[in-house]
Amino acid sequence: MPIAAGIQNALGSSSMIRKMFEEGGLLKKQHGADKVFDFSLGNPDIDPPPAFHEIFVKLAQEDKKGSHGYMPNAGFPNVREALAQKASREHQVAIDGSHIVMAVGAAGGLNTVFKTICNPGDEVIVTRPYFMEYRSYTANHGAKLVEVEALPDFNLNIDAIAAALSPQTAAVLINSPNNPTGKVYPADTIAALGALLREHGAKTGRLPYLVSDEPYREIAYNVEVPPILSAYSESIVVNSYSKSLSLPGERIGYIAVSPGISDKDDVMNGLIYATRILGYVNAPALMQRIVAELTAARVDVAIYARRRDAFMAILDRAGIKYAAPEGAFYLFCQVPQQRKPVPATDAAPQAGDDIAFVNHLKQHLILGVPGSGFGKPGWLRFAYCIDEKIIRNAGDAFKQAMESW
């Protein structure tokens, strides 16, 4: 029997990030791990803060009755209160635990949000480039992802978003610091977006939600990541500890809603119900209790800053242009012009062809992800959440790759 058509179609265009990661594994077996420069997957290599291990051991040794049983689907009440205080500080609002739902990572949180707010045929606006699984997350719940172009510096293009708004717009989805560009959207841009959505709501009678995906909020380089919950009443923030505490495999995050959100009880009840029927039931119990004690902790961002600077220096020497990241741990680079163009045939790669350039880099054991995987052909992404020694050792490989491109 065949599998579902939707899954079959999705498999044909599944994540290029994972594909490149799997190819990297094969190259490492063939050439040795120290010879392959794998910048494909955003999998943090920095250990969690020492406090994480201390609290983990302490809680694992406790023998409290019910520690591993069911709790309210929204999460332990004391955990929700602790994370409400964290969100209040970050977003310059006053919220309590009734505004928080614990989530199974940011991916689980986003699916919970879209299940709650989207009707079949609704639209969710996103700015290119973007994390491509957003397309699947919205499709899971009958909605359509509507793509708009960013400004040349990768800031939000408010005019483009305005042109894309329609009566079917359920939400605008943003991601700052951004994957793959590292762009942090400034406060005046967020304010302009909020004003635009309020104006649209007044005209149509439907206020779109502003959904902010924020797993990189705490990884920023001397740049303030503006608050969202205080900027627009109908805002929902989804966060996780995959990056800020280097816990991607533990699948722990949370959803926070603005104190001014309309129909708050319906929204919160919807999020809690969606958590249950999507099969998550609740976020992992042990991880909930751990992160509640780590609301002021994060990984050492200075390590990522040093890696960013080292990588940018290598790209500068190689002659590869990029968007200087303000946060996260990615470098988004323009595919360079070929120095020795080949005749234009069906088989010949053309300047700006990100697939061809990524394949060319593979010949030099450098792995990146084509910008096509983020809705932005002609670019590619390198993740620098890997050992700085690997980054520095890649310099010669980049130089040789560019000489033969």
# chains A, B, ... in the order shown; residues from 1 in each chain; ligands from 1
>>> residues_around(residues="His141 (chain A)", least_positions_apart="2", cutoff="10 Å", atoms="only C-alpha atoms", output="number ranges by chain")
A: 111-122, 136-139, 143-144
>>> write_last_selection(atoms="N, CA and C atoms", output="tab-separated table (two decimals), in the first residue's frame")
chain	number	residue	atom	x	y	z
A	111	ASN	N	3.85	24.09	16.05
A	111	ASN	CA	2.73	23.26	15.59
A	111	ASN	C	1.52	23.42	16.50
A	112	THR	N	1.76	23.56	17.79
A	112	THR	CA	0.66	23.79	18.73
A	112	THR	C	-0.03	25.12	18.44
A	113	VAL	N	0.76	26.15	18.17
A	113	VAL	CA	0.20	27.46	17.86
A	113	VAL	C	-0.62	27.42	16.58
A	114	PHE	N	-0.07	26.85	15.51
A	114	PHE	CA	-0.79	26.85	14.23
A	114	PHE	C	-2.03	25.97	14.29
A	115	LYS	N	-1.98	24.91	15.05
A	115	LYS	CA	-3.18	24.08	15.23
A	115	LYS	C	-4.27	24.89	15.90
A	116	THR	N	-3.88	25.78	16.80
A	116	THR	CA	-4.85	26.57	17.57
A	116	THR	C	-5.44	27.73	16.77
A	117	ILE	N	-4.63	28.39	15.94
A	117	ILE	CA	-5.09	29.65	15.32
A	117	ILE	C	-5.48	29.53	13.86
A	118	CYS	N	-5.17	28.43	13.19
A	118	CYS	CA	-5.39	28.34	11.75
A	118	CYS	C	-6.62	27.52	11.38
A	119	ASN	N	-7.42	28.08	10.49
A	119	ASN	CA	-8.48	27.33	9.83
A	119	ASN	C	-7.99	26.86	8.47
A	120	PRO	N	-8.58	25.81	7.90
A	120	PRO	CA	-8.19	25.41	6.55
A	120	PRO	C	-8.34	26.58	5.57
A	121	GLY	N	-7.30	26.81	4.76
A	121	GLY	CA	-7.32	27.91	3.81
A	121	GLY	C	-6.73	29.20	4.33
A	122	ASP	N	-6.43	29.26	5.63
A	122	ASP	CA	-5.79	30.46	6.18
A	122	ASP	C	-4.37	30.60	5.65
A	136	SER	N	5.98	23.07	6.26
A	136	SER	CA	5.29	21.85	6.72
A	136	SER	C	4.48	22.12	7.97
A	137	TYR	N	5.02	22.95	8.86
A	137	TYR	CA	4.28	23.24	10.10
A	137	TYR	C	2.93	23.87	9.81
A	138	THR	N	2.88	24.79	8.85
A	138	THR	CA	1.60	25.42	8.53
A	138	THR	C	0.70	24.45	7.76
A	139	ALA	N	1.28	23.71	6.82
A	139	ALA	CA	0.49	22.75	6.04
A	139	ALA	C	-0.12	21.68	6.93
A	143	ALA	N	-3.12	25.34	6.62
A	143	ALA	CA	-2.82	26.72	6.24
A	143	ALA	C	-1.77	26.75	5.13
A	144	LYS	N	-1.66	27.91	4.50
A	144	LYS	CA	-0.71	28.12	3.40
A	144	LYS	C	0.33	29.14	3.83
>>> residues_around(residues="Gly75 (chain A)", least_positions_apart="5", cutoff="10 Å", atoms="only C-alpha atoms", output="number ranges by chain")
A: 70, 80, 97, 100-103, 254, 272, 281-285, 288-289
>>> write_last_selection(atoms="N, CA and C atoms", output="PDB file, in the first residue's frame")
ATOM      1  N   TYR A  70       1.943  12.208  35.097  1.00  0.00           N
ATOM      2  CA  TYR A  70       1.266  13.289  34.374  1.00  0.00           C
ATOM      3  C   TYR A  70       1.175  14.534  35.241  1.00  0.00           C
ATOM      4  N   ARG A  80       5.661  27.053  34.990  1.00  0.00           N
ATOM      5  CA  ARG A  80       5.030  28.100  34.176  1.00  0.00           C
ATOM      6  C   ARG A  80       5.232  29.475  34.821  1.00  0.00           C
ATOM      7  N   GLY A  97       1.950  32.780  35.095  1.00  0.00           N
ATOM      8  CA  GLY A  97       1.982  31.440  34.536  1.00  0.00           C
ATOM      9  C   GLY A  97       0.799  31.092  33.659  1.00  0.00           C
ATOM     10  N   ILE A 100       1.594  30.983  29.907  1.00  0.00           N
ATOM     11  CA  ILE A 100       2.662  30.083  29.473  1.00  0.00           C
ATOM     12  C   ILE A 100       2.107  28.674  29.255  1.00  0.00           C
ATOM     13  N   VAL A 101       2.532  28.046  28.171  1.00  0.00           N
ATOM     14  CA  VAL A 101       2.290  26.621  27.938  1.00  0.00           C
ATOM     15  C   VAL A 101       3.639  25.990  27.625  1.00  0.00           C
ATOM     16  N   MET A 102       4.024  24.986  28.374  1.00  0.00           N
ATOM     17  CA  MET A 102       5.274  24.297  28.113  1.00  0.00           C
ATOM     18  C   MET A 102       5.142  23.479  26.834  1.00  0.00           C
ATOM     19  N   ALA A 103       6.238  23.440  26.057  1.00  0.00           N
ATOM     20  CA  ALA A 103       6.178  22.831  24.721  1.00  0.00           C
ATOM     21  C   ALA A 103       7.307  21.835  24.520  1.00  0.00           C
ATOM     22  N   TYR A 254       8.770  26.530  25.343  1.00  0.00           N
ATOM     23  CA  TYR A 254       7.527  27.061  25.896  1.00  0.00           C
ATOM     24  C   TYR A 254       6.897  28.047  24.932  1.00  0.00           C
ATOM     25  N   ILE A 272      -3.537  24.536  24.999  1.00  0.00           N
ATOM     26  CA  ILE A 272      -3.427  23.379  25.890  1.00  0.00           C
ATOM     27  C   ILE A 272      -4.082  22.150  25.258  1.00  0.00           C
ATOM     28  N   VAL A 281       1.039  15.524  24.600  1.00  0.00           N
ATOM     29  CA  VAL A 281       0.437  15.360  25.933  1.00  0.00           C
ATOM     30  C   VAL A 281       0.987  16.423  26.890  1.00  0.00           C
ATOM     31  N   ASN A 282       2.287  16.413  27.097  1.00  0.00           N
ATOM     32  CA  ASN A 282       2.921  17.470  27.892  1.00  0.00           C
ATOM     33  C   ASN A 282       4.408  17.482  27.573  1.00  0.00           C
ATOM     34  N   ALA A 283       5.061  18.576  27.889  1.00  0.00           N
ATOM     35  CA  ALA A 283       6.514  18.656  27.714  1.00  0.00           C
ATOM     36  C   ALA A 283       7.196  17.727  28.716  1.00  0.00           C
ATOM     37  N   PRO A 284       8.419  17.261  28.435  1.00  0.00           N
ATOM     38  CA  PRO A 284       9.116  16.318  29.323  1.00  0.00           C
ATOM     39  C   PRO A 284       9.194  16.822  30.757  1.00  0.00           C
ATOM     40  N   ALA A 285       8.772  15.985  31.688  1.00  0.00           N
ATOM     41  CA  ALA A 285       8.632  16.396  33.086  1.00  0.00           C
ATOM     42  C   ALA A 285       9.960  16.794  33.710  1.00  0.00           C
ATOM     43  N   GLN A 288      11.297  20.080  32.321  1.00  0.00           N
ATOM     44  CA  GLN A 288      10.540  21.228  32.832  1.00  0.00           C
ATOM     45  C   GLN A 288      11.114  21.689  34.172  1.00  0.00           C
ATOM     46  N   ARG A 289      11.320  20.737  35.039  1.00  0.00           N
ATOM     47  CA  ARG A 289      11.787  21.078  36.381  1.00  0.00           C
ATOM     48  C   ARG A 289      13.204  21.640  36.354  1.00  0.00           C
TER      49      ARG A 289
END
>>> closest_residue(among="A:Cys385, A:Ala162, A:Leu315, A:Ala328", to="Phe398 (chain A)", atoms="only C-alpha atoms")
A:Leu315
>>> residues_around(residues="Val335 (chain A)", least_positions_apart="6", cutoff="7 Å", atoms="only C-alpha atoms", output="PyMOL selection string")
chain A and resi 352-354+357+378-380
>>> write_last_selection(atoms="C-alpha atoms", output="PDB file, in the first residue's frame")
ATOM      1  CA  GLY A 352      24.674  32.243  -8.655  1.00  0.00           C
ATOM      2  CA  ASP A 353      23.720  28.551  -8.755  1.00  0.00           C
ATOM      3  CA  ASP A 354      23.734  27.590  -5.091  1.00  0.00           C
ATOM      4  CA  PHE A 357      28.429  25.774  -5.695  1.00  0.00           C
ATOM      5  CA  GLY A 378      21.899  32.121  -5.031  1.00  0.00           C
ATOM      6  CA  TRP A 379      22.952  31.952  -1.376  1.00  0.00           C
ATOM      7  CA  LEU A 380      24.193  29.259   1.004  1.00  0.00           C
TER       8      LEU A 380
END
>>> residues_around(residues="Leu245 (chain A)", least_positions_apart="6", cutoff="10 Å", atoms="only C-alpha atoms", output="short mmCIF file (atom, residue, chain, number, x, y, z; two decimals) with C-alpha atoms, in the first residue's frame")
data_model
loop_
_atom_site.label_atom_id
_atom_site.label_comp_id
_atom_site.auth_asym_id
_atom_site.auth_seq_id
_atom_site.Cartn_x
_atom_site.Cartn_y
_atom_site.Cartn_z
CA PRO A 44 25.22 23.15 19.17
CA ILE A 46 29.00 23.78 23.35
CA ASP A 47 28.18 21.91 26.54
CA PRO A 48 25.24 23.12 28.61
CA PRO A 49 26.18 25.44 31.50
CA PHE A 52 22.49 22.22 34.20
CA GLU A 218 19.82 34.73 23.87
CA VAL A 291 14.81 24.73 33.13
CA LEU A 294 17.93 27.93 34.97
CA ALA A 297 21.56 30.73 32.64
CA ARG A 298 22.81 30.44 29.07
CA VAL A 299 25.76 29.11 27.14
CA ASP A 300 28.86 31.27 26.71
#
>>> residues_around(residues="region 227-232 of chain A", least_positions_apart="6", cutoff="8 Å", atoms="only C-alpha atoms", output="PyMOL selection string")
chain A and resi 90-93+187+190-191+194+210+212+257-259
>>> write_last_selection(atoms="C-alpha atoms", output="compact mmCIF listing (two decimals), in the first residue's frame")
# COMPACT_ATOMS: atom_id res chain seq x y z
CA GLU A 90 12.70 39.74 28.09
CA HIS A 91 9.53 41.24 26.65
CA GLN A 92 9.01 44.11 29.09
CA VAL A 93 5.55 43.02 30.15
CA ALA A 187 12.68 47.70 17.56
CA ILE A 190 8.78 45.52 15.09
CA ALA A 191 6.83 48.65 16.00
CA GLY A 194 2.61 45.99 14.89
CA LEU A 210 2.28 37.95 15.29
CA SER A 212 7.75 35.00 16.93
CA VAL A 257 1.23 34.97 24.91
CA SER A 258 0.88 38.72 25.23
CA PRO A 259 -1.04 40.06 28.25
>>> closest_residue(among="A:Pro215, A:Gly319, A:Gly368, A:Pro2", to="Phe382 (chain A)", atoms="only C-alpha atoms")
A:Gly368
>>> residues_around(residues="Ile314 (chain A)", least_positions_apart="2", cutoff="8 Å", atoms="only C-alpha atoms", output="PyMOL selection string")
chain A and resi 310-312+316-318+392+394-395+398
>>> atom_distance(atom1="CA of Gln334 (chain A)", atom2="CA of Ile390 (chain A)")
21.6 Å
>>> atom_distance(atom1="CA of Gln338 (chain A)", atom2="CA of Gly371 (chain A)")
17.3 Å
>>> select_by_dssp(residues="region 317-387 of chain A", states="strand (DSSP E or B)", output="PyMOL selection string")
chain A and resi 322-323+327+330-334+366-367+369-370+379-383
>>> residues_around(residues="Asp309 (chain A)", least_positions_apart="6", cutoff="12 Å", atoms="only C-alpha atoms", output="number ranges by chain")
A: 221, 302-303, 315-316, 324-326, 329-331, 384, 388, 391-392
>>> write_last_selection(atoms="N, CA and C atoms", output="compact mmCIF listing (two decimals), in the first residue's frame")
# COMPACT_ATOMS: atom_id res chain seq x y z
N TYR A 221 25.03 39.27 19.46
CA TYR A 221 26.37 39.83 19.60
C TYR A 221 26.30 41.34 19.76
N ALA A 302 30.20 34.27 23.99
CA ALA A 302 31.50 34.75 23.52
C ALA A 302 32.21 33.70 22.67
N ILE A 303 31.94 32.43 22.93
CA ILE A 303 32.55 31.36 22.12
C ILE A 303 32.04 31.44 20.70
N LEU A 315 36.30 33.72 5.13
CA LEU A 315 35.49 34.04 3.96
C LEU A 315 36.01 35.31 3.28
N ASP A 316 36.47 36.27 4.07
CA ASP A 316 37.04 37.49 3.49
C ASP A 316 38.26 37.15 2.63
N ALA A 324 26.81 39.81 7.61
CA ALA A 324 27.42 39.69 8.93
C ALA A 324 26.33 39.41 9.98
N PRO A 325 26.40 38.27 10.65
CA PRO A 325 25.32 37.91 11.59
C PRO A 325 25.36 38.73 12.87
N GLU A 326 24.18 39.15 13.31
CA GLU A 326 24.03 39.87 14.56
C GLU A 326 23.66 38.94 15.71
N PHE A 329 24.01 31.40 15.00
CA PHE A 329 25.36 30.92 14.69
C PHE A 329 25.46 30.40 13.26
N TYR A 330 25.04 31.29 12.33
CA TYR A 330 25.07 30.97 10.91
C TYR A 330 25.67 32.13 10.12
N LEU A 331 26.33 31.77 9.02
CA LEU A 331 26.77 32.76 8.04
C LEU A 331 26.05 32.47 6.74
N TYR A 384 28.28 27.68 12.24
CA TYR A 384 29.57 27.70 12.92
C TYR A 384 29.46 27.28 14.39
N GLU A 388 36.16 25.55 16.96
CA GLU A 388 36.85 26.64 16.27
C GLU A 388 38.06 26.13 15.48
N ILE A 391 36.96 25.28 12.03
CA ILE A 391 36.74 26.50 11.24
C ILE A 391 38.06 27.03 10.71
N ARG A 392 39.06 27.16 11.59
CA ARG A 392 40.34 27.73 11.18
C ARG A 392 41.06 26.82 10.19
>>> select_by_dssp(residues="region 120-321 of chain A", states="alpha helix (DSSP H)", output="ChimeraX atom specification")
/A:133-139,158-164,187-204,264-277,285-291,301-318
>>> write_last_selection(atoms="C-alpha atoms", output="short mmCIF file (atom, residue, chain, number, x, y, z; two decimals), in the first residue's frame")
data_model
loop_
_atom_site.label_atom_id
_atom_site.label_comp_id
_atom_site.auth_asym_id
_atom_site.auth_seq_id
_atom_site.Cartn_x
_atom_site.Cartn_y
_atom_site.Cartn_z
CA GLU A 133 10.08 23.39 7.87
CA TYR A 134 7.77 26.35 8.52
CA ARG A 135 6.07 25.29 5.29
CA SER A 136 5.29 21.85 6.72
CA TYR A 137 4.28 23.24 10.10
CA THR A 138 1.60 25.42 8.53
CA ALA A 139 0.49 22.75 6.04
CA ILE A 158 7.02 46.12 5.85
CA ASP A 159 5.69 47.18 2.43
CA ALA A 160 5.99 43.63 1.11
CA ILE A 161 4.17 42.26 4.17
CA ALA A 162 1.45 44.89 3.71
CA ALA A 163 0.95 43.79 0.10
CA ALA A 164 0.65 40.15 1.17
CA ALA A 187 12.68 47.70 17.56
CA ASP A 188 11.43 50.28 15.06
CA THR A 189 10.75 47.52 12.52
CA ILE A 190 8.78 45.52 15.09
CA ALA A 191 6.83 48.65 16.00
CA ALA A 192 6.05 49.32 12.33
CA LEU A 193 4.90 45.73 11.87
CA GLY A 194 2.61 45.99 14.89
CA ALA A 195 1.10 49.22 13.54
CA LEU A 196 0.55 47.58 10.15
CA LEU A 197 -1.24 44.60 11.67
CA ARG A 198 -3.46 46.83 13.79
CA GLU A 199 -4.38 48.85 10.71
CA HIS A 200 -5.17 45.67 8.78
CA GLY A 201 -7.32 44.41 11.64
CA ALA A 202 -9.28 47.65 11.73
CA LYS A 203 -10.01 47.34 8.00
CA THR A 204 -10.89 43.65 7.88
CA LYS A 264 -7.10 35.01 26.19
CA ASP A 265 -9.00 32.12 27.78
CA ASP A 266 -9.92 30.69 24.38
CA VAL A 267 -6.36 31.05 23.12
CA MET A 268 -4.81 29.40 26.16
CA ASN A 269 -7.38 26.63 26.28
CA GLY A 270 -6.82 26.05 22.57
CA LEU A 271 -3.05 25.80 23.00
CA ILE A 272 -3.43 23.38 25.89
CA TYR A 273 -5.94 21.25 23.99
CA ALA A 274 -3.73 21.22 20.87
CA THR A 275 -0.77 20.07 22.96
CA ARG A 276 -2.79 17.06 24.02
CA ILE A 277 -4.37 16.04 20.71
CA ALA A 285 8.63 16.40 33.09
CA LEU A 286 12.26 16.27 34.18
CA MET A 287 13.35 18.93 31.71
CA GLN A 288 10.54 21.23 32.83
CA ARG A 289 11.79 21.08 36.38
CA ILE A 290 15.39 21.67 35.31
CA VAL A 291 14.81 24.73 33.13
CA VAL A 301 27.93 33.43 23.70
CA ALA A 302 31.50 34.75 23.52
CA ILE A 303 32.55 31.36 22.12
CA TYR A 304 30.16 31.77 19.20
CA ALA A 305 31.34 35.35 18.69
CA ARG A 306 34.96 34.19 18.36
CA ARG A 307 33.93 31.51 15.87
CA ARG A 308 31.92 34.01 13.86
CA ASP A 309 34.88 36.36 13.62
CA ALA A 310 37.26 33.55 12.65
CA PHE A 311 34.88 32.30 9.96
CA MET A 312 34.28 35.78 8.55
CA ALA A 313 38.04 36.28 8.27
CA ILE A 314 38.34 33.04 6.26
CA LEU A 315 35.49 34.04 3.96
CA ASP A 316 37.04 37.49 3.49
CA ARG A 317 40.33 35.92 2.41
CA ALA A 318 38.51 33.53 0.07
#
>>> closest_residue(among="A:Leu110, A:Thr169, A:Arg89, A:Pro186", to="Glu214 (chain A)", atoms="only C-alpha atoms")
A:Leu110
>>> closest_residue(among="A:Asn140, A:Ser372, A:Ser98, A:Ala5", to="Gln85 (chain A)", atoms="only C-alpha atoms")
A:Ser98
